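Following: one structure in structure tokens, then a few remarks.
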Amino acid sequence: MAEGGRPLPVPTPETKHFWEGAQAGELRLQRCDDCRHTYFPPRPFCPKCASRRVSIIKSAGKAKLHSYVIHHRPVPGFTPPYAIAVVELTEGPRMMTNIVGCPQTPEALVLDMPLEVTFEKQTDQITLPLFRPTAGK
Amino acid sequence: MKPKSVAVVGAAESTNLGVIPGLSQIQLHADAALNALRDAGLSPSDIDGIATAGETPTTVAHYLGITPTWVDGTAVGGCSFMIHVRHAAAAINDGLCRTVLITHGESGKSRVGASPRPAYPASLAGQFEAPFGVMGPPTMFTIPVLRYMKTYRITEEQIAMVSVVQREWAAKNPRATFKEPITVTDVLNSRMIAYPFRILMCCLVTDGGGALILTSADRAQDLPQKPVYILGTGESVESPMISQMENFTSSRAFRVSGKKAFAEAGITHKDVDHLMIYDAFAHLPLYGLEDLGFCEPGQAAAFIVGRNTAPGGKLPLNTNGGGLSYMHSGMYGMYALQESVRQMRGVAAAQVKGAKISIAHGVGGMFAASGTIVFSNERG
């Protein structure tokens with residue numbers, strides 16, 4: 001997968017911790033101090049109970065492949081075919097990502113396969129969390 | 001809303017559909033609006049309510065010379081027009097205006113005077129989806145389907161049948177873009193876009209427009225067209241990001257909107273003679289049939305393969321050929337509404353004989369929004 005040219009995020013005050021975490025090699029989620037709900041994407045209140053008492057937590061970075069497509073058309077920064085995936089973290093939240101370290105084929109990409117986070121630096125400001133098959137599986 | 005208190009009295013599409021490089025987006029709105037006004041026997045000075053998406057209501061009102069006392073610019077994607085119908089019915093009932101014009105126009109193929117589709121890199125989707133190679137609906141709307149297929153053991157062949165059956169309906173419609181019959185093999189051998197979606201499982205990209213005119217059911221009796229009454233309505237939204245859709249096998253917005261529309265209408269599924277489900281991609285009718293309650297979860301594919309929605313089946317679905325074969329400008333909801341109105345007037349190309357109740361169910365964004373309208377052609 002070519003890494004140059006893909007669209008990059010512009011962090012906001014509410015998401016800054018997530019992108020700083022990725023730079024530091026941490027996948028950061030948020031958890032409500034009141035109802036204990038763990039959630040993503042970032043916001044400074046709990047989407048379940050509206051409490052503003054929330055904490056940033058470090059995810060274990062383990063996930064399962066929830067669903068995906070394999071895109072066959074050209075997109076800046078990507079070499080088709082490449083998979084666009086949604087993974088489900090063991091903490092509960094789902095997120096969009098790419099799966100690296102394995103062929104981009106239906107045979108290699110099996111739903112519910114175990115994955116772990118890996119970080120790929122794009123610029124001095126932005127590192128993206130991607131996922132790869134769990135080592136040894 | 002109060003069932004049958006408001007009626008569609010004017011309905012028309014743009015003069016041409018397909019590839020229309022000679023008209024800009026605003027003129028597609030106007031072309032459809034002028035056709036709908038003529039259909040209703042009205043002029044712009046009769047219109048005191050305006051609703052639209054894609055352009056602002058200000059732009060459309062000014063362009064057509066309308067001075068409204070009620071405006072609605074709800075723009076949540078392709079089902080915006082279903083939601084406009086719902087809001088217009090409430091506004092007419094409440095006396096906010098008497099006669100509403102709802103317009104759609106989109107230069108989806110030719111992109112003449114078309115609105116840009118900017119991606120904001122600081123939005124949540126810009127930060128948490130755009131960096132991973134998404135490029136428009138074919139890479140996002142499609143993402144939940146492998147989970148749906150695994151959960152319910154649905155095959156690619158079954159999903160291909162959605163496209164095959166809708167092409168059968170399109171063959172009966174002279175205005176449909178694609179009319180040649182296709183087979184499951186044709187669908188599965190067509191060009192791969194985003195696995196498991198081949199191009200024949202994806203909607204067309206065309207130019208066109210459509211417009212509706214609504215007024216009170218009482219006033220409708222004095223106008224030239226057979227009134228098509230609004231029996232029930234629903235709307236909802238879920239998430240602007242496909243990755244955050246609550247359940248990849250079912251749309252919450254579909255369930256909420258559909259349930260509301262059925263409750264307002266006071267009907268059961270057996271009462272429905274004709275159904276339109278916005279089909280941007282071949283899996284949409286499956287989710288729609290299940291989330292509206294026509295099929296149990298996981299049963300819609302077998303229902304379609306069993307020819308229940310095909311010509312001659314008990315629940316005619318997407319009888320214009322749908323977004324897969326008829327036309328799809330980008331915000332297709334208007335065309336689903338137009339076909340429901342034609343069926344209720346008894347003038348559709350593939351007319352369902354004796355149809356008395358029709359539902360048009362729309363989606364906005366990628367399962368992000370929904371609107372549902374139940375129509376009836378009987379006032380009593």
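Letters for chains follow the order of the structure tokens (A, B, ...), residue numbers begin at 1 for each chain, and ligand numbers begin at 1 in the order shown.
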- Message: Quick check: residues of chain A within 9 Å of chain B, only C-alpha atoms, returned as a ChimeraX atom specification.
- Response: /A:6-12,15,40-42,66-73,75-78,81-87,93-98,106,111,128,130
Mind writing the picked residues with N, CA, C and O atoms as a short mmCIF file (atom, residue, chain, number, x, y, z; two decimals), in the first residue's frame?
```cif
data_model
loop_
_atom_site.label_atom_id
_atom_site.label_comp_id
_atom_site.auth_asym_id
_atom_site.auth_seq_id
_atom_site.Cartn_x
_atom_site.Cartn_y
_atom_site.Cartn_z
N ARG A 6 -2.42 9.99 1.00
CA ARG A 6 -3.76 9.70 1.52
C ARG A 6 -4.25 10.90 2.34
O ARG A 6 -3.45 11.65 2.90
N PRO A 7 -5.58 11.11 2.40
CA PRO A 7 -6.09 12.24 3.18
C PRO A 7 -5.71 12.08 4.65
O PRO A 7 -5.78 10.96 5.19
N LEU A 8 -5.29 13.15 5.27
CA LEU A 8 -4.88 13.06 6.67
C LEU A 8 -5.83 13.88 7.54
O LEU A 8 -6.39 14.89 7.12
N PRO A 9 -6.01 13.42 8.78
CA PRO A 9 -6.93 14.11 9.68
C PRO A 9 -6.36 15.45 10.15
O PRO A 9 -5.15 15.63 10.22
N VAL A 10 -7.25 16.37 10.46
CA VAL A 10 -6.89 17.60 11.16
C VAL A 10 -7.51 17.50 12.56
O VAL A 10 -8.73 17.57 12.71
N PRO A 11 -6.69 17.28 13.59
CA PRO A 11 -7.24 17.13 14.94
C PRO A 11 -7.97 18.38 15.42
O PRO A 11 -7.65 19.49 15.00
N THR A 12 -8.94 18.17 16.28
CA THR A 12 -9.65 19.28 16.92
C THR A 12 -9.35 19.22 18.42
O THR A 12 -8.76 18.22 18.90
N THR A 15 -10.29 15.93 19.92
CA THR A 15 -9.70 14.67 19.44
C THR A 15 -8.18 14.66 19.57
O THR A 15 -7.53 13.67 19.23
N PHE A 40 -15.87 5.61 21.47
CA PHE A 40 -15.10 6.17 20.37
C PHE A 40 -16.12 6.53 19.31
O PHE A 40 -17.13 5.82 19.17
N PRO A 41 -15.94 7.57 18.48
CA PRO A 41 -14.83 8.54 18.47
C PRO A 41 -14.88 9.52 19.65
O PRO A 41 -15.89 9.60 20.33
N PRO A 42 -13.77 10.25 19.81
CA PRO A 42 -13.61 11.08 21.01
C PRO A 42 -14.64 12.21 21.11
O PRO A 42 -15.05 12.79 20.12
N HIS A 66 -14.43 -6.91 11.97
CA HIS A 66 -15.90 -6.89 12.02
C HIS A 66 -16.51 -6.95 10.62
O HIS A 66 -17.45 -7.70 10.39
N SER A 67 -16.00 -6.15 9.70
CA SER A 67 -16.48 -6.17 8.31
C SER A 67 -15.51 -5.37 7.45
O SER A 67 -14.67 -4.63 7.98
N TYR A 68 -15.64 -5.51 6.13
CA TYR A 68 -14.72 -4.79 5.26
C TYR A 68 -15.21 -4.85 3.82
O TYR A 68 -16.11 -5.62 3.48
N VAL A 69 -14.60 -4.02 2.97
CA VAL A 69 -14.69 -4.20 1.52
C VAL A 69 -13.25 -4.18 0.99
O VAL A 69 -12.34 -3.67 1.66
N ILE A 70 -13.07 -4.75 -0.20
CA ILE A 70 -11.77 -4.65 -0.86
C ILE A 70 -11.96 -3.75 -2.07
O ILE A 70 -12.62 -4.14 -3.05
N HIS A 71 -11.40 -2.55 -1.98
CA HIS A 71 -11.64 -1.55 -3.02
C HIS A 71 -10.71 -1.80 -4.21
O HIS A 71 -9.51 -2.00 -4.02
N HIS A 72 -11.30 -1.76 -5.42
CA HIS A 72 -10.54 -2.08 -6.63
C HIS A 72 -10.24 -0.87 -7.49
O HIS A 72 -9.72 -1.01 -8.59
N ARG A 73 -10.62 0.32 -7.03
CA ARG A 73 -10.37 1.51 -7.86
C ARG A 73 -9.29 2.37 -7.23
O ARG A 73 -9.06 2.31 -6.02
N VAL A 75 -7.25 5.28 -5.51
CA VAL A 75 -7.49 6.37 -4.55
C VAL A 75 -6.10 6.91 -4.19
O VAL A 75 -5.17 6.12 -4.00
N PRO A 76 -5.95 8.23 -4.11
CA PRO A 76 -4.64 8.79 -3.76
C PRO A 76 -4.08 8.16 -2.48
O PRO A 76 -4.77 8.09 -1.46
N GLY A 77 -2.85 7.67 -2.57
CA GLY A 77 -2.20 7.10 -1.40
C GLY A 77 -2.40 5.60 -1.24
O GLY A 77 -1.87 5.00 -0.31
N PHE A 78 -3.16 5.00 -2.14
CA PHE A 78 -3.44 3.56 -2.03
C PHE A 78 -3.18 2.85 -3.35
O PHE A 78 -3.38 3.44 -4.42
N PRO A 81 -5.86 -3.69 -5.36
CA PRO A 81 -6.96 -3.69 -4.40
C PRO A 81 -6.48 -3.57 -2.95
O PRO A 81 -5.44 -4.14 -2.60
N TYR A 82 -7.22 -2.84 -2.14
CA TYR A 82 -6.87 -2.69 -0.73
C TYR A 82 -8.15 -2.75 0.09
O TYR A 82 -9.21 -2.34 -0.37
N ALA A 83 -8.02 -3.27 1.30
CA ALA A 83 -9.21 -3.43 2.16
C ALA A 83 -9.42 -2.20 3.02
O ALA A 83 -8.48 -1.62 3.56
N ILE A 84 -10.68 -1.79 3.11
CA ILE A 84 -11.12 -0.77 4.07
C ILE A 84 -11.94 -1.54 5.10
O ILE A 84 -12.95 -2.16 4.74
N ALA A 85 -11.48 -1.52 6.33
CA ALA A 85 -12.06 -2.42 7.32
C ALA A 85 -12.64 -1.66 8.51
O ALA A 85 -12.25 -0.53 8.79
N VAL A 86 -13.57 -2.32 9.19
CA VAL A 86 -14.03 -1.86 10.50
C VAL A 86 -13.68 -2.97 11.48
O VAL A 86 -14.01 -4.14 11.24
N VAL A 87 -12.97 -2.60 12.56
CA VAL A 87 -12.59 -3.59 13.56
C VAL A 87 -13.32 -3.30 14.86
O VAL A 87 -13.70 -2.15 15.14
N PRO A 93 -15.68 -0.51 21.47
CA PRO A 93 -15.87 0.37 20.30
C PRO A 93 -15.37 -0.23 19.00
O PRO A 93 -14.48 -1.08 18.99
N ARG A 94 -15.96 0.26 17.90
CA ARG A 94 -15.50 -0.10 16.56
C ARG A 94 -14.85 1.10 15.91
O ARG A 94 -15.22 2.24 16.18
N MET A 95 -13.91 0.84 15.01
CA MET A 95 -13.28 1.92 14.26
C MET A 95 -12.88 1.47 12.86
O MET A 95 -12.62 0.28 12.63
N MET A 96 -12.86 2.44 11.96
CA MET A 96 -12.40 2.16 10.60
C MET A 96 -10.88 2.15 10.57
O MET A 96 -10.23 2.90 11.31
N THR A 97 -10.31 1.30 9.71
CA THR A 97 -8.86 1.20 9.62
C THR A 97 -8.49 0.45 8.34
O THR A 97 -9.35 0.13 7.53
N ASN A 98 -7.22 0.17 8.17
CA ASN A 98 -6.75 -0.74 7.12
C ASN A 98 -6.07 -1.92 7.79
O ASN A 98 -5.56 -1.80 8.90
N PRO A 106 -10.21 -11.96 0.01
CA PRO A 106 -11.25 -12.55 0.87
C PRO A 106 -10.72 -13.77 1.64
O PRO A 106 -11.13 -14.03 2.77
N LEU A 111 -13.68 -12.77 8.56
CA LEU A 111 -14.37 -12.05 9.63
C LEU A 111 -14.09 -12.70 10.98
O LEU A 111 -14.02 -13.91 11.09
N LEU A 128 -1.11 7.09 12.00
CA LEU A 128 -2.41 6.41 11.91
C LEU A 128 -2.36 5.04 12.58
O LEU A 128 -1.39 4.29 12.41
N LEU A 130 -3.25 1.40 12.42
CA LEU A 130 -3.69 0.36 11.49
C LEU A 130 -3.70 -0.96 12.26
O LEU A 130 -3.24 -1.02 13.40
#
```
- So which residues of range 23-136 of chain A fall under strand (DSSP E or B) by DSSP, listed as a ChimeraX atom specification? /A:28-32,38-39,54-58,62-71,75,78,82-89,94-97,99,114-121,127-133
- Query: So which residues touch Pro47 in chain A within 12 Å, counting only C-alpha atoms, skipping near sequence neighbours fewer than 4 positions away, as a PyMOL selection string?
  - Reply: chain A and resi 30-32+34-43+51-54
Written file, previous selection with C-alpha atoms, as a short mmCIF file (atom, residue, chain, number, x, y, z; two decimals), in the first residue's frame:
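New file selection.cif:
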```cif
data_model
loop_
_atom_site.label_atom_id
_atom_site.label_comp_id
_atom_site.auth_asym_id
_atom_site.auth_seq_id
_atom_site.Cartn_x
_atom_site.Cartn_y
_atom_site.Cartn_z
CA GLN A 30 -12.41 7.30 26.58
CA ARG A 31 -14.37 5.85 29.48
CA CYS A 32 -17.16 7.40 31.52
CA ASP A 34 -19.96 7.48 36.12
CA CYS A 35 -21.47 4.70 33.97
CA ARG A 36 -18.13 3.07 32.91
CA HIS A 37 -19.13 3.11 29.20
CA THR A 38 -16.08 2.98 26.91
CA TYR A 39 -16.54 4.89 23.66
CA PHE A 40 -15.10 6.17 20.37
CA PRO A 41 -14.83 8.54 18.47
CA PRO A 42 -13.61 11.08 21.01
CA ARG A 43 -15.79 13.69 22.71
CA SER A 51 -21.73 12.83 32.04
CA ARG A 52 -18.79 15.19 31.55
CA ARG A 53 -16.73 13.11 34.00
CA VAL A 54 -14.75 11.02 31.53
#
```
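Note that the spacing between CA of Val162 in chain B and CA of Ser257 in chain B amounts to 22.9 Å.
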- Got a sec to tell me which of range 2-105 of chain B DSSP assigns to helix (DSSP H, G or I), as a PyMOL selection string? chain B and resi 25-40+44-46+57-64+80-93
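Residues within 8 Å of range 184-189 of chain B, counting only C-alpha atoms and excluding same-chain residues fewer than 5 positions away, are Glu156, Glu157, Ala160, Met161, Ser163, Val164, Arg198, Ile199, Leu200 and Met201 of chain B.
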Residues from the last selection, N, CA, C and O atoms, saved as a PDB file, in the first residue's frame:
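Writing the result to result-v6.pdb gives the following:
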```pdb
ATOM      1  N   GLU B 156     -23.399 -14.379  -2.225  1.00  0.00           N
ATOM      2  CA  GLU B 156     -23.272 -13.339  -3.253  1.00  0.00           C
ATOM      3  C   GLU B 156     -24.323 -13.536  -4.349  1.00  0.00           C
ATOM      4  O   GLU B 156     -24.838 -12.572  -4.905  1.00  0.00           O
ATOM      5  N   GLU B 157     -24.631 -14.798  -4.650  1.00  0.00           N
ATOM      6  CA  GLU B 157     -25.638 -15.086  -5.677  1.00  0.00           C
ATOM      7  C   GLU B 157     -26.996 -14.519  -5.276  1.00  0.00           C
ATOM      8  O   GLU B 157     -27.734 -13.984  -6.105  1.00  0.00           O
ATOM      9  N   ALA B 160     -26.978 -10.842  -5.754  1.00  0.00           N
ATOM     10  CA  ALA B 160     -27.035 -10.544  -7.194  1.00  0.00           C
ATOM     11  C   ALA B 160     -28.464 -10.619  -7.719  1.00  0.00           C
ATOM     12  O   ALA B 160     -28.834  -9.904  -8.657  1.00  0.00           O
ATOM     13  N   MET B 161     -29.288 -11.466  -7.111  1.00  0.00           N
ATOM     14  CA  MET B 161     -30.679 -11.608  -7.555  1.00  0.00           C
ATOM     15  C   MET B 161     -31.475 -10.304  -7.388  1.00  0.00           C
ATOM     16  O   MET B 161     -32.445 -10.061  -8.102  1.00  0.00           O
ATOM     17  N   SER B 163     -30.401  -7.354  -8.095  1.00  0.00           N
ATOM     18  CA  SER B 163     -30.159  -6.609  -9.344  1.00  0.00           C
ATOM     19  C   SER B 163     -30.916  -7.242 -10.517  1.00  0.00           C
ATOM     20  O   SER B 163     -31.453  -6.540 -11.372  1.00  0.00           O
ATOM     21  N   VAL B 164     -30.941  -8.569 -10.539  1.00  0.00           N
ATOM     22  CA  VAL B 164     -31.589  -9.288 -11.654  1.00  0.00           C
ATOM     23  C   VAL B 164     -33.083  -8.990 -11.680  1.00  0.00           C
ATOM     24  O   VAL B 164     -33.662  -8.676 -12.732  1.00  0.00           O
ATOM     25  N   ARG B 198     -19.940  -5.900  -7.184  1.00  0.00           N
ATOM     26  CA  ARG B 198     -19.632  -5.706  -8.596  1.00  0.00           C
ATOM     27  C   ARG B 198     -20.439  -4.503  -9.078  1.00  0.00           C
ATOM     28  O   ARG B 198     -21.415  -4.102  -8.449  1.00  0.00           O
ATOM     29  N   ILE B 199     -20.079  -4.006 -10.262  1.00  0.00           N
ATOM     30  CA  ILE B 199     -20.716  -2.776 -10.729  1.00  0.00           C
ATOM     31  C   ILE B 199     -22.226  -2.939 -10.915  1.00  0.00           C
ATOM     32  O   ILE B 199     -22.983  -1.989 -10.693  1.00  0.00           O
ATOM     33  N   LEU B 200     -22.680  -4.156 -11.269  1.00  0.00           N
ATOM     34  CA  LEU B 200     -24.123  -4.342 -11.449  1.00  0.00           C
ATOM     35  C   LEU B 200     -24.871  -4.441 -10.109  1.00  0.00           C
ATOM     36  O   LEU B 200     -26.094  -4.546 -10.092  1.00  0.00           O
ATOM     37  N   MET B 201     -24.155  -4.384  -8.990  1.00  0.00           N
ATOM     38  CA  MET B 201     -24.795  -4.303  -7.670  1.00  0.00           C
ATOM     39  C   MET B 201     -24.803  -2.860  -7.169  1.00  0.00           C
ATOM     40  O   MET B 201     -25.238  -2.594  -6.043  1.00  0.00           O
TER      41      MET B 201
END
```
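Taking only C-alpha atoms into account, Ala53 in chain B lies nearest to B:Ala211 out of the set B:Ile357, B:Leu204, B:Leu284, B:Ala211.
As for CA of Leu231 in chain B and CA of Arg86 in chain B, they are spaced 10.2 Å apart.
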- Message: If we count only C-alpha atoms and set the cut-off at 12 Å, which residues sit around Ile26 in chain B, ignoring sequence neighbours fewer than 6 positions away in its own chain? Please answer as a ChimeraX atom specification.
- Response: /B:14,32-33,52-64,103-107,111-115,207-210
Selection file, N, CA, C and O atoms, as a short mmCIF file (atom, residue, chain, number, x, y, z; two decimals), in the first residue's frame:
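For reference, part-v6.cif as written:
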```
data_model
loop_
_atom_site.label_atom_id
_atom_site.label_comp_id
_atom_site.auth_asym_id
_atom_site.auth_seq_id
_atom_site.Cartn_x
_atom_site.Cartn_y
_atom_site.Cartn_z
N SER B 14 -37.93 15.60 -14.25
CA SER B 14 -37.40 16.47 -15.29
C SER B 14 -37.79 15.89 -16.66
O SER B 14 -38.04 14.69 -16.79
N ALA B 32 -38.09 20.35 -13.43
CA ALA B 32 -39.01 19.45 -12.75
C ALA B 32 -40.15 20.23 -12.09
O ALA B 32 -41.31 19.83 -12.14
N ALA B 33 -39.81 21.38 -11.48
CA ALA B 33 -40.81 22.19 -10.79
C ALA B 33 -41.86 22.70 -11.78
O ALA B 33 -43.06 22.65 -11.51
N THR B 52 -36.42 21.90 -0.23
CA THR B 52 -35.48 21.31 -1.17
C THR B 52 -34.20 20.88 -0.46
O THR B 52 -33.96 21.25 0.69
N ALA B 53 -33.40 20.07 -1.16
CA ALA B 53 -32.08 19.66 -0.68
C ALA B 53 -31.15 19.68 -1.88
O ALA B 53 -31.59 19.51 -3.01
N GLY B 54 -29.88 19.89 -1.65
CA GLY B 54 -28.92 19.98 -2.77
C GLY B 54 -28.68 21.43 -3.16
O GLY B 54 -27.55 21.83 -3.37
N GLU B 55 -29.75 22.17 -3.32
CA GLU B 55 -29.69 23.63 -3.40
C GLU B 55 -30.37 24.15 -2.12
O GLU B 55 -31.08 23.40 -1.45
N THR B 56 -30.18 25.42 -1.80
CA THR B 56 -30.90 25.96 -0.65
C THR B 56 -32.32 26.32 -1.07
O THR B 56 -32.56 26.64 -2.25
N PRO B 57 -33.27 26.31 -0.14
CA PRO B 57 -34.62 26.74 -0.49
C PRO B 57 -34.64 28.20 -0.96
O PRO B 57 -35.49 28.57 -1.79
N THR B 58 -33.73 28.99 -0.47
CA THR B 58 -33.63 30.39 -0.92
C THR B 58 -33.34 30.44 -2.42
O THR B 58 -33.97 31.19 -3.18
N THR B 59 -32.36 29.66 -2.85
CA THR B 59 -31.97 29.64 -4.26
C THR B 59 -33.13 29.21 -5.15
O THR B 59 -33.42 29.84 -6.16
N VAL B 60 -33.79 28.13 -4.75
CA VAL B 60 -34.88 27.59 -5.58
C VAL B 60 -36.06 28.55 -5.60
O VAL B 60 -36.65 28.82 -6.65
N ALA B 61 -36.43 29.12 -4.44
CA ALA B 61 -37.56 30.05 -4.36
C ALA B 61 -37.29 31.28 -5.24
O ALA B 61 -38.15 31.70 -6.02
N HIS B 62 -36.11 31.82 -5.13
CA HIS B 62 -35.78 33.02 -5.92
C HIS B 62 -35.76 32.71 -7.40
O HIS B 62 -36.29 33.47 -8.23
N TYR B 63 -35.16 31.58 -7.76
CA TYR B 63 -35.04 31.20 -9.18
C TYR B 63 -36.41 31.03 -9.83
O TYR B 63 -36.61 31.39 -10.98
N LEU B 64 -37.38 30.50 -9.06
CA LEU B 64 -38.72 30.25 -9.60
C LEU B 64 -39.68 31.41 -9.36
O LEU B 64 -40.81 31.37 -9.83
N THR B 103 -38.60 20.31 -4.40
CA THR B 103 -37.83 20.10 -5.64
C THR B 103 -36.53 19.34 -5.39
O THR B 103 -35.92 19.43 -4.33
N HIS B 104 -36.15 18.63 -6.43
CA HIS B 104 -34.84 17.95 -6.50
C HIS B 104 -34.28 18.14 -7.90
O HIS B 104 -35.02 18.08 -8.88
N GLY B 105 -33.00 18.38 -7.98
CA GLY B 105 -32.33 18.41 -9.27
C GLY B 105 -30.86 18.12 -9.02
O GLY B 105 -30.28 18.60 -8.05
N GLU B 106 -30.27 17.28 -9.85
CA GLU B 106 -28.88 16.92 -9.59
C GLU B 106 -28.19 16.54 -10.88
O GLU B 106 -28.64 15.66 -11.61
N SER B 107 -27.11 17.25 -11.16
CA SER B 107 -26.29 16.93 -12.32
C SER B 107 -25.24 15.93 -11.86
O SER B 107 -24.04 16.21 -11.81
N ARG B 111 -22.26 16.86 -13.89
CA ARG B 111 -21.67 17.78 -12.91
C ARG B 111 -21.68 19.23 -13.42
O ARG B 111 -20.73 19.99 -13.20
N VAL B 112 -22.79 19.63 -14.09
CA VAL B 112 -22.92 21.01 -14.56
C VAL B 112 -23.56 21.83 -13.45
O VAL B 112 -24.69 21.57 -13.04
N GLY B 113 -22.83 22.82 -12.95
CA GLY B 113 -23.34 23.67 -11.87
C GLY B 113 -23.67 22.86 -10.63
O GLY B 113 -24.56 23.23 -9.86
N ALA B 114 -22.97 21.75 -10.44
CA ALA B 114 -23.26 20.87 -9.31
C ALA B 114 -22.60 21.38 -8.04
O ALA B 114 -21.55 22.03 -8.10
N SER B 115 -23.22 21.09 -6.91
CA SER B 115 -22.62 21.46 -5.63
C SER B 115 -21.37 20.62 -5.41
O SER B 115 -21.39 19.43 -5.69
N ASP B 207 -28.12 12.20 -14.51
CA ASP B 207 -28.63 13.54 -14.27
C ASP B 207 -30.15 13.50 -14.26
O ASP B 207 -30.76 12.71 -15.00
N GLY B 208 -30.76 14.39 -13.48
CA GLY B 208 -32.22 14.45 -13.51
C GLY B 208 -32.78 15.29 -12.38
O GLY B 208 -32.03 15.86 -11.57
N GLY B 209 -34.10 15.36 -12.35
CA GLY B 209 -34.78 16.12 -11.31
C GLY B 209 -36.18 15.60 -11.11
O GLY B 209 -36.68 14.77 -11.88
N GLY B 210 -36.81 16.08 -10.04
CA GLY B 210 -38.19 15.71 -9.76
C GLY B 210 -38.79 16.74 -8.81
O GLY B 210 -38.05 17.41 -8.08
#
```
- Do you know which residues are at most 12 Å from Gly61 in chain A counting only C-alpha atoms, after dropping those on the same chain fewer than 3 positions away, and could you put them as a ChimeraX atom specification? /A:22,25-29,57-58,64,87-95,114-119,129-134
For C-alpha atoms, I'd like the residues from the last selection saved as a short mmCIF file (atom, residue, chain, number, x, y, z; two decimals), in the first residue's frame.
```cif
data_model
loop_
_atom_site.label_atom_id
_atom_site.label_comp_id
_atom_site.auth_asym_id
_atom_site.auth_seq_id
_atom_site.Cartn_x
_atom_site.Cartn_y
_atom_site.Cartn_z
CA ALA A 22 -1.11 7.51 18.14
CA GLY A 25 2.24 4.44 20.09
CA GLU A 26 -0.94 4.30 22.18
CA LEU A 27 -4.50 3.70 21.03
CA ARG A 28 -6.52 5.98 23.29
CA LEU A 29 -10.22 5.54 24.06
CA ILE A 57 -7.75 5.20 28.74
CA LYS A 58 -5.19 3.20 26.79
CA LYS A 64 -11.53 -8.62 15.72
CA VAL A 87 -12.59 -3.59 13.56
CA GLU A 88 -14.17 -4.20 16.94
CA LEU A 89 -11.85 -3.56 19.86
CA THR A 90 -11.97 -5.86 22.90
CA GLU A 91 -13.05 -2.79 24.89
CA GLY A 92 -16.17 -2.58 22.69
CA PRO A 93 -15.87 0.37 20.30
CA ARG A 94 -15.50 -0.10 16.56
CA MET A 95 -13.28 1.92 14.26
CA PRO A 114 -7.86 -11.59 15.73
CA LEU A 115 -5.97 -8.37 15.03
CA GLU A 116 -3.61 -6.06 16.86
CA VAL A 117 -2.92 -2.38 16.41
CA THR A 118 0.20 -1.11 14.69
CA PHE A 119 1.14 2.50 14.12
CA PRO A 129 -3.53 3.34 13.86
CA LEU A 130 -3.69 0.36 11.49
CA PHE A 131 -4.28 -3.30 12.34
CA ARG A 132 -2.47 -6.55 11.46
CA PRO A 133 -3.19 -10.21 12.11
CA THR A 134 -2.18 -11.14 15.64
#
```
- Residues near Pro311 in chain B, cut-off 12 Å, only C-alpha atoms, skip fewer than 5 positions along chain, as a ChimeraX atom specification: /B:164-172,274,304,306,316-321,350-353
Okay, now the selection with N, CA and C atoms, as a short mmCIF file (atom, residue, chain, number, x, y, z; two decimals), in the first residue's frame?
```
data_model
loop_
_atom_site.label_atom_id
_atom_site.label_comp_id
_atom_site.auth_asym_id
_atom_site.auth_seq_id
_atom_site.Cartn_x
_atom_site.Cartn_y
_atom_site.Cartn_z
N VAL B 164 -30.94 -8.57 -10.54
CA VAL B 164 -31.59 -9.29 -11.65
C VAL B 164 -33.08 -8.99 -11.68
N VAL B 165 -33.73 -9.05 -10.52
CA VAL B 165 -35.17 -8.84 -10.44
C VAL B 165 -35.53 -7.39 -10.77
N GLN B 166 -34.71 -6.48 -10.30
CA GLN B 166 -35.03 -5.07 -10.59
C GLN B 166 -34.87 -4.75 -12.07
N ARG B 167 -33.96 -5.46 -12.75
CA ARG B 167 -33.82 -5.26 -14.18
C ARG B 167 -35.08 -5.75 -14.91
N GLU B 168 -35.74 -6.77 -14.34
CA GLU B 168 -37.00 -7.23 -14.93
C GLU B 168 -38.05 -6.11 -14.89
N TRP B 169 -38.09 -5.38 -13.78
CA TRP B 169 -39.02 -4.25 -13.69
C TRP B 169 -38.60 -3.15 -14.66
N ALA B 170 -37.31 -2.88 -14.74
CA ALA B 170 -36.82 -1.81 -15.61
C ALA B 170 -37.19 -2.07 -17.07
N ALA B 171 -37.20 -3.36 -17.45
CA ALA B 171 -37.51 -3.72 -18.83
C ALA B 171 -38.90 -3.26 -19.24
N LYS B 172 -39.78 -3.06 -18.24
CA LYS B 172 -41.15 -2.62 -18.52
C LYS B 172 -41.27 -1.09 -18.57
N HIS B 274 -47.77 -1.94 -2.85
CA HIS B 274 -46.63 -1.53 -3.67
C HIS B 274 -45.59 -0.89 -2.77
N ILE B 304 -36.74 -12.40 -1.93
CA ILE B 304 -36.52 -11.87 -3.28
C ILE B 304 -36.21 -13.00 -4.27
N GLY B 306 -37.28 -15.88 -4.09
CA GLY B 306 -38.56 -16.56 -4.28
C GLY B 306 -39.55 -15.78 -5.14
N PRO B 316 -44.86 -6.12 -5.13
CA PRO B 316 -44.05 -5.47 -6.17
C PRO B 316 -43.15 -4.41 -5.56
N LEU B 317 -41.85 -4.53 -5.85
CA LEU B 317 -40.84 -3.67 -5.20
C LEU B 317 -39.99 -2.98 -6.27
N ASN B 318 -39.82 -1.68 -6.13
CA ASN B 318 -38.95 -0.89 -7.02
C ASN B 318 -39.35 -1.10 -8.49
N THR B 319 -40.61 -0.81 -8.75
CA THR B 319 -41.23 -1.11 -10.04
C THR B 319 -40.80 -0.20 -11.17
N ASN B 320 -40.04 0.85 -10.86
CA ASN B 320 -39.49 1.68 -11.94
C ASN B 320 -38.14 1.12 -12.42
N GLY B 321 -37.61 0.12 -11.71
CA GLY B 321 -36.29 -0.41 -12.00
C GLY B 321 -35.27 -0.01 -10.95
N ALA B 350 -45.10 0.20 -15.27
CA ALA B 350 -45.37 -1.17 -14.83
C ALA B 350 -46.42 -1.08 -13.72
N GLN B 351 -47.62 -0.73 -14.11
CA GLN B 351 -48.68 -0.46 -13.13
C GLN B 351 -49.09 -1.73 -12.37
N VAL B 352 -49.16 -1.62 -11.04
CA VAL B 352 -49.68 -2.70 -10.21
C VAL B 352 -51.19 -2.54 -10.17
N LYS B 353 -51.88 -3.49 -10.75
CA LYS B 353 -53.35 -3.36 -10.90
C LYS B 353 -54.04 -3.30 -9.54
#
```
